[in-house]
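S.K.: Please read through the structure below; I'll follow up with questions.
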Amino acid sequence: MGTRARFTLLFTALFLIGSAADAMAAMAQERGAGQRGQRGQGGGRGQQAPPAPAHHPEARFDVETTTAGPVKITPLTHASLRLEFAGKIIDIDPTGDYSWMPKSDLILITDIHGDHLQPASVNALKKQGTVIIAAPEVVTSVTEAKPMANGATENLNAGGTQIRVEAVPSYNLTRGPAAGQLYHTKGRGNGYIVTLGGKRIYMAGDTECVPEVKALRNIDVAFLPMNLPFTQTPEEAAECVKAFRPKVVYPYHYRGQDTKVFENALRGENGVEVRLRDWY
Ligand SMILES: [Zn+2]
């Protein structure tokens with residue numbers, strides 16, 4: 001079955017079980033955000049179609065040092081990124097065409113929406129021994145994933161490489177498709193903190209600046225979403241950074257927003273480095 005067919009099936013299933021028309025429209029938009037990262041897809045909204053991960057062989061990457069060697073951080077698209085550490089590959093929310101890319105040792109999936117979860121991308125990355133960790137509802141479509149609840153911790157030993165994963169709640173406080181509804185309800189989505197050689201790297205997933213995020217401490221690198229209507233504004237994300245003070249912060253999942261606003265709001269914040277990268 002082709003990728004498009006899989007998405008069509010999945011989405012049809014989601015449509016059938018979906019209750020609110022507005023929520024479905026929101027999901028379609030989120031799904032579209034992920035799909036626009038694929039090869040040959042039209043961009044819509046007057047934007048040129050961004051390249052898929054497959055078209056980023058020379059994507060800009062950053063390197064952080066840890067007590068156990070370097071970790072390479074490669075932004076791919078929207079909410080998708082890759083970490084490489086001690087010969088292991090970790091993919092977060094893989095979407096788009098990964099068929100040509102080296103396969104993953106660990107895949108983390110934050111949410112059920114199509115800009116975070118594309119089973120075809122996960123399948124393309126799997127090899128013998130790949131560990132998949134996901135928010136519990138993801139297991140419906142990626143059945144081999146190990147569900148991880150908000151607040152849970154896993155200590156993985158990937159061929160002698162220690163990787164600690166913590167699940168941080170990821171949800172909306174106020175934003176939703178209609179009064180009394182939220183795009184992301186508490187308990188469904190996970191952000192993840194991955195600890196590699198003592199460095200704590202946090203991928204927030206789709207969240208607003210919820211108390212659990214504000215309360216984080218000792219984060220070395222953070223990836224924060226900032227798009228509307230689904231998550232938060234760049235200003236709100238900057239206020240959140242002032243609360244939990246990661247040493248390095250990347251805007252991601254920011255389609256349609258001006259990340260310079262985020263950068264400017266944090267100008268003069270000592271000890272916080274803002275990294276703007278091209279995710280689209
Ligand atoms: Zn999203």
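Each chain of the structure tokens is named A, B, ... in the order shown, its residues numbered from 1; ligands are numbered from 1 in display order.
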Check which residues fall inside 10 Å of ligand 1 when counting only C-alpha atoms and all ligand atoms, and print them as an NGL selection string.
M.R.: :A and (27 or 29-31 or 33-34 or 78-79 or 93 or 110-117 or 183-184 or 205-207 or 225-227 or 230-231 or 252-255)
S.K.: Could you save those same residues with N, CA and C atoms as a PDB file, in the first residue's frame?
M.R.:
```
ATOM      1  N   MET A  27      -7.415  19.058  12.552  1.00  0.00           N
ATOM      2  CA  MET A  27      -6.528  17.924  12.371  1.00  0.00           C
ATOM      3  C   MET A  27      -6.065  17.866  10.921  1.00  0.00           C
ATOM      4  N   GLN A  29      -5.660  20.294   8.945  1.00  0.00           N
ATOM      5  CA  GLN A  29      -4.657  21.332   8.740  1.00  0.00           C
ATOM      6  C   GLN A  29      -3.307  20.903   9.285  1.00  0.00           C
ATOM      7  N   GLU A  30      -3.344  20.277  10.486  1.00  0.00           N
ATOM      8  CA  GLU A  30      -2.109  19.791  11.082  1.00  0.00           C
ATOM      9  C   GLU A  30      -1.518  18.700  10.203  1.00  0.00           C
ATOM     10  N   ARG A  31      -2.395  17.820   9.717  1.00  0.00           N
ATOM     11  CA  ARG A  31      -1.939  16.738   8.862  1.00  0.00           C
ATOM     12  C   ARG A  31      -1.300  17.320   7.604  1.00  0.00           C
ATOM     13  N   ALA A  33       0.139  20.075   7.291  1.00  0.00           N
ATOM     14  CA  ALA A  33       1.443  20.662   7.603  1.00  0.00           C
ATOM     15  C   ALA A  33       2.533  19.620   7.453  1.00  0.00           C
ATOM     16  N   GLY A  34       2.232  18.399   7.908  1.00  0.00           N
ATOM     17  CA  GLY A  34       3.216  17.343   7.772  1.00  0.00           C
ATOM     18  C   GLY A  34       3.376  16.923   6.326  1.00  0.00           C
ATOM     19  N   HIS A  78       9.440  20.903  10.083  1.00  0.00           N
ATOM     20  CA  HIS A  78       8.300  21.161  10.975  1.00  0.00           C
ATOM     21  C   HIS A  78       8.565  20.638  12.403  1.00  0.00           C
ATOM     22  N   ALA A  79       8.120  19.434  12.725  1.00  0.00           N
ATOM     23  CA  ALA A  79       8.357  18.886  14.067  1.00  0.00           C
ATOM     24  C   ALA A  79       9.358  17.736  14.037  1.00  0.00           C
ATOM     25  N   ASP A  93       9.359  12.375  15.855  1.00  0.00           N
ATOM     26  CA  ASP A  93       8.222  12.686  14.991  1.00  0.00           C
ATOM     27  C   ASP A  93       8.590  12.635  13.510  1.00  0.00           C
ATOM     28  N   THR A 110       5.321  12.073  19.453  1.00  0.00           N
ATOM     29  CA  THR A 110       4.697  12.893  20.496  1.00  0.00           C
ATOM     30  C   THR A 110       3.173  12.867  20.483  1.00  0.00           C
ATOM     31  N   ASP A 111       2.565  12.682  19.295  1.00  0.00           N
ATOM     32  CA  ASP A 111       1.118  12.865  19.228  1.00  0.00           C
ATOM     33  C   ASP A 111       0.546  12.133  18.018  1.00  0.00           C
ATOM     34  N   ILE A 112      -0.785  12.066  17.951  1.00  0.00           N
ATOM     35  CA  ILE A 112      -1.462  11.324  16.883  1.00  0.00           C
ATOM     36  C   ILE A 112      -1.642  12.139  15.608  1.00  0.00           C
ATOM     37  N   HIS A 113      -1.494  13.448  15.662  1.00  0.00           N
ATOM     38  CA  HIS A 113      -1.720  14.257  14.462  1.00  0.00           C
ATOM     39  C   HIS A 113      -0.666  13.968  13.392  1.00  0.00           C
ATOM     40  N   GLY A 114      -1.087  14.114  12.131  1.00  0.00           N
ATOM     41  CA  GLY A 114      -0.253  13.724  11.006  1.00  0.00           C
ATOM     42  C   GLY A 114       1.023  14.512  10.831  1.00  0.00           C
ATOM     43  N   ASP A 115       1.145  15.652  11.482  1.00  0.00           N
ATOM     44  CA  ASP A 115       2.424  16.377  11.382  1.00  0.00           C
ATOM     45  C   ASP A 115       3.419  15.854  12.429  1.00  0.00           C
ATOM     46  N   HIS A 116       3.008  14.821  13.187  1.00  0.00           N
ATOM     47  CA  HIS A 116       3.902  14.185  14.164  1.00  0.00           C
ATOM     48  C   HIS A 116       3.983  12.680  13.955  1.00  0.00           C
ATOM     49  N   LEU A 117       2.932  12.141  13.421  1.00  0.00           N
ATOM     50  CA  LEU A 117       2.819  10.688  13.264  1.00  0.00           C
ATOM     51  C   LEU A 117       2.482  10.345  11.823  1.00  0.00           C
ATOM     52  N   TYR A 183      -7.346  21.649  21.276  1.00  0.00           N
ATOM     53  CA  TYR A 183      -6.717  20.887  20.188  1.00  0.00           C
ATOM     54  C   TYR A 183      -5.973  19.675  20.732  1.00  0.00           C
ATOM     55  N   HIS A 184      -5.293  19.878  21.845  1.00  0.00           N
ATOM     56  CA  HIS A 184      -4.528  18.788  22.451  1.00  0.00           C
ATOM     57  C   HIS A 184      -4.913  18.713  23.917  1.00  0.00           C
ATOM     58  N   GLY A 205       6.907  18.983  21.599  1.00  0.00           N
ATOM     59  CA  GLY A 205       5.664  18.545  20.958  1.00  0.00           C
ATOM     60  C   GLY A 205       4.688  19.711  20.872  1.00  0.00           C
ATOM     61  N   ASP A 206       3.410  19.397  20.745  1.00  0.00           N
ATOM     62  CA  ASP A 206       2.387  20.442  20.600  1.00  0.00           C
ATOM     63  C   ASP A 206       1.879  20.842  21.973  1.00  0.00           C
ATOM     64  N   THR A 207       2.374  21.963  22.437  1.00  0.00           N
ATOM     65  CA  THR A 207       1.976  22.378  23.781  1.00  0.00           C
ATOM     66  C   THR A 207       1.918  23.895  23.883  1.00  0.00           C
ATOM     67  N   PRO A 225       7.428  24.652  20.146  1.00  0.00           N
ATOM     68  CA  PRO A 225       6.517  24.974  19.045  1.00  0.00           C
ATOM     69  C   PRO A 225       5.999  26.397  19.206  1.00  0.00           C
ATOM     70  N   MET A 226       5.702  27.016  18.092  1.00  0.00           N
ATOM     71  CA  MET A 226       5.081  28.347  18.153  1.00  0.00           C
ATOM     72  C   MET A 226       4.310  28.578  16.871  1.00  0.00           C
ATOM     73  N   ASN A 227       3.127  28.025  16.822  1.00  0.00           N
ATOM     74  CA  ASN A 227       2.248  28.345  15.702  1.00  0.00           C
ATOM     75  C   ASN A 227       0.815  28.388  16.208  1.00  0.00           C
ATOM     76  N   PHE A 230      -2.724  26.126  16.890  1.00  0.00           N
ATOM     77  CA  PHE A 230      -2.598  24.849  17.612  1.00  0.00           C
ATOM     78  C   PHE A 230      -1.759  24.914  18.890  1.00  0.00           C
ATOM     79  N   THR A 231      -0.765  25.801  18.937  1.00  0.00           N
ATOM     80  CA  THR A 231       0.112  25.776  20.111  1.00  0.00           C
ATOM     81  C   THR A 231       0.148  27.136  20.806  1.00  0.00           C
ATOM     82  N   TYR A 252      10.751  25.448  16.680  1.00  0.00           N
ATOM     83  CA  TYR A 252      10.392  24.487  15.628  1.00  0.00           C
ATOM     84  C   TYR A 252       8.875  24.483  15.547  1.00  0.00           C
ATOM     85  N   HIS A 253       8.313  23.758  14.578  1.00  0.00           N
ATOM     86  CA  HIS A 253       6.851  23.718  14.502  1.00  0.00           C
ATOM     87  C   HIS A 253       6.321  25.157  14.530  1.00  0.00           C
ATOM     88  N   TYR A 254       6.850  25.995  13.622  1.00  0.00           N
ATOM     89  CA  TYR A 254       6.501  27.433  13.674  1.00  0.00           C
ATOM     90  C   TYR A 254       5.927  27.949  12.355  1.00  0.00           C
ATOM     91  N   ARG A 255       5.394  27.082  11.534  1.00  0.00           N
ATOM     92  CA  ARG A 255       4.915  27.478  10.213  1.00  0.00           C
ATOM     93  C   ARG A 255       4.043  28.734  10.287  1.00  0.00           C
TER      94      ARG A 255
END
```
S.K.: What's around Val241 of chain A at 9 Å? Count only C-alpha atoms, leave out sequence neighbours fewer than 4 positions away in its own chain, and write the answer as a VMD selection string.
M.R.: chain A and resid 209 214 224 236 to 237 245 to 246 249 266 272
S.K.: Can you tell me which residues surround Ile89 of chain A at a distance of at most 9 Å, considering only C-alpha atoms, apart from same-chain residues fewer than 2 positions away, and format the answer as a list in words?
M.R.: Arg82, Leu83, Glu84, Phe85, Ala86, Gly87, Asp91, Pro102, Lys103, Ser104, Asp105, Leu106 and Ile107 of chain A
S.K.: Restrict the selected residues to N, CA and C atoms and save them as a compact mmCIF listing (two decimals), in the first residue's frame.
M.R.:
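File out.txt, as written:
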```txt
# COMPACT_ATOMS: atom_id res chain seq x y z
N ARG A 82 16.46 14.91 13.92
CA ARG A 82 17.26 13.71 14.14
C ARG A 82 18.40 14.05 15.09
N LEU A 83 18.63 13.16 16.05
CA LEU A 83 19.79 13.26 16.94
C LEU A 83 20.70 12.07 16.66
N GLU A 84 21.99 12.31 16.63
CA GLU A 84 22.95 11.21 16.46
C GLU A 84 23.97 11.29 17.58
N PHE A 85 24.15 10.14 18.23
CA PHE A 85 24.97 10.11 19.44
C PHE A 85 25.56 8.73 19.62
N ALA A 86 26.87 8.65 19.78
CA ALA A 86 27.55 7.37 20.04
C ALA A 86 27.16 6.30 19.03
N GLY A 87 27.03 6.70 17.78
CA GLY A 87 26.70 5.74 16.72
C GLY A 87 25.23 5.36 16.66
N ASP A 91 15.22 9.47 15.99
CA ASP A 91 14.34 10.34 15.22
C ASP A 91 13.14 10.72 16.05
N PRO A 102 19.61 6.66 6.70
CA PRO A 102 20.02 5.60 7.64
C PRO A 102 18.92 5.35 8.66
N LYS A 103 18.74 4.11 9.03
CA LYS A 103 17.61 3.73 9.88
C LYS A 103 17.84 4.11 11.35
N SER A 104 16.74 4.14 12.08
CA SER A 104 16.78 4.64 13.46
C SER A 104 17.02 3.53 14.48
N ASP A 105 17.67 3.89 15.55
CA ASP A 105 17.75 3.02 16.71
C ASP A 105 16.60 3.29 17.67
N LEU A 106 16.18 4.55 17.70
CA LEU A 106 15.10 4.95 18.60
C LEU A 106 14.23 5.98 17.90
N ILE A 107 12.92 5.76 17.94
CA ILE A 107 11.96 6.71 17.36
C ILE A 107 11.03 7.16 18.48
```
S.K.: With distances taken over only C-alpha atoms, which of A:Gln162, A:Thr74, A:Thr65, A:Asn155 is nearest to Asp278 of chain A?
M.R.: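 The closest residue to Asp278 of chain A is A:Thr74.
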S.K.: What gap, in Å, lies between atom CA of Glu154 of chain A and atom CA of Pro75 of chain A?
M.R.: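 Answer for the atom CA of Glu154 of chain A to atom CA of Pro75 of chain A separation: 24.1 Å.
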S.K.: Write down as a short mmCIF file (atom, residue, chain, number, x, y, z; two decimals) with C-alpha atoms, in the first residue's frame the residues of segment 26-214 of chain A whose backbone DSSP state falls under strand (DSSP E or B).
M.R.:
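This went into out_20.cif:
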```
data_model
loop_
_atom_site.label_atom_id
_atom_site.label_comp_id
_atom_site.auth_asym_id
_atom_site.auth_seq_id
_atom_site.Cartn_x
_atom_site.Cartn_y
_atom_site.Cartn_z
CA ASP A 62 24.60 21.55 15.10
CA VAL A 63 26.92 19.65 17.39
CA GLU A 64 26.75 19.69 21.19
CA THR A 67 30.41 13.69 28.69
CA GLY A 69 31.04 12.39 23.00
CA VAL A 71 25.59 14.77 19.78
CA LYS A 72 24.64 15.90 16.29
CA ILE A 73 21.33 17.71 15.98
CA THR A 74 19.74 17.94 12.53
CA PRO A 75 16.52 19.92 12.04
CA LEU A 76 14.52 18.24 9.26
CA THR A 77 11.03 19.61 8.81
CA SER A 80 10.83 16.33 12.71
CA LEU A 81 14.44 16.21 13.80
CA ARG A 82 17.26 13.71 14.14
CA LEU A 83 19.79 13.26 16.94
CA GLU A 84 22.95 11.21 16.46
CA PHE A 85 24.97 10.11 19.44
CA LYS A 88 22.97 5.69 17.50
CA ILE A 89 20.26 7.48 15.54
CA ILE A 90 17.22 8.95 17.26
CA ASP A 91 14.34 10.34 15.22
CA ILE A 92 11.62 12.49 16.70
CA LEU A 106 15.10 4.95 18.60
CA ILE A 107 11.96 6.71 17.36
CA LEU A 108 9.94 9.02 19.60
CA ILE A 109 6.43 10.08 18.64
CA VAL A 131 12.79 0.93 19.78
CA ILE A 132 9.68 3.04 19.25
CA ILE A 133 8.30 5.07 22.13
CA ALA A 134 5.07 6.95 21.70
CA LYS A 146 5.87 1.17 23.53
CA PRO A 147 3.35 3.55 25.08
CA THR A 153 10.71 7.65 32.51
CA GLU A 154 12.51 4.95 30.49
CA ASN A 155 16.16 4.06 30.80
CA LEU A 156 17.22 2.43 27.55
CA ASN A 157 20.39 0.55 26.83
CA ALA A 158 20.87 0.74 23.08
CA THR A 161 24.61 3.38 24.91
CA GLN A 162 22.58 4.72 27.81
CA ILE A 163 19.61 6.82 26.75
CA ARG A 164 17.17 8.18 29.30
CA VAL A 165 13.75 9.30 28.06
CA GLU A 166 11.26 11.29 30.14
CA ALA A 167 7.73 12.06 28.96
CA VAL A 168 6.57 15.61 29.70
CA PRO A 169 2.89 16.54 29.39
CA SER A 170 2.11 18.39 26.17
CA GLY A 189 0.57 14.05 23.94
CA ASN A 190 4.13 13.77 25.19
CA GLY A 191 7.05 16.08 24.99
CA TYR A 192 10.30 14.17 25.56
CA ILE A 193 13.49 14.89 27.43
CA VAL A 194 16.28 12.70 26.09
CA THR A 195 19.46 12.55 28.18
CA LEU A 196 22.62 11.76 26.20
CA LYS A 199 22.96 16.58 28.20
CA ARG A 200 19.21 17.00 28.52
CA ILE A 201 17.50 17.66 25.20
CA TYR A 202 13.80 18.54 25.30
CA MET A 203 11.39 18.28 22.36
#
```
S.K.: Mind pulling up the distance from atom CA of Gly96 of chain A to atom CA of Gly187 of chain A?
M.R.: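 For atom CA of Gly187 of chain A relative to atom CA of Gly96 of chain A, the distance reads 26.1 Å.
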S.K.: Could you pull out the alpha helix (DSSP H) residues of segment 23-251 of chain A from DSSP and send them as JSON, numbers by chain?
M.R.: {"A": [23, 24, 25, 26, 27, 28, 29, 30, 31, 32, 33, 34, 35, 119, 120, 121, 122, 123, 124, 125, 211, 212, 213, 214, 234, 235, 236, 237, 238, 239, 240, 241, 242, 243, 244]}
S.K.: Go ahead and compute the interatomic distance for atom CA of Gln181 of chain A and atom CA of Asp258 of chain A, in Å to one decimal.
M.R.: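 Separation between atom CA of Gln181 of chain A and atom CA of Asp258 of chain A: 26.6 Å.
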S.K.: Here is a test: counting only C-alpha atoms, which residue of A:Leu216, A:Glu273, A:Pro229, A:Val221 is nearest to Ala178 of chain A?
M.R.: A:Pro229
S.K.: Restricting the calculation to only C-alpha atoms: of A:Pro94, A:Pro70, A:Gly176, A:Pro136, which residue gets closest to Gly198 of chain A?
M.R.: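 Nearest to Gly198 of chain A: A:Pro70.
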S.K.: Select, from A:Ser121, A:Lys247, A:Asn150, A:Met101, the residue with the minimum atom-to-atom distance to Glu212 of chain A, counting only C-alpha atoms.
M.R.: A:Asn150
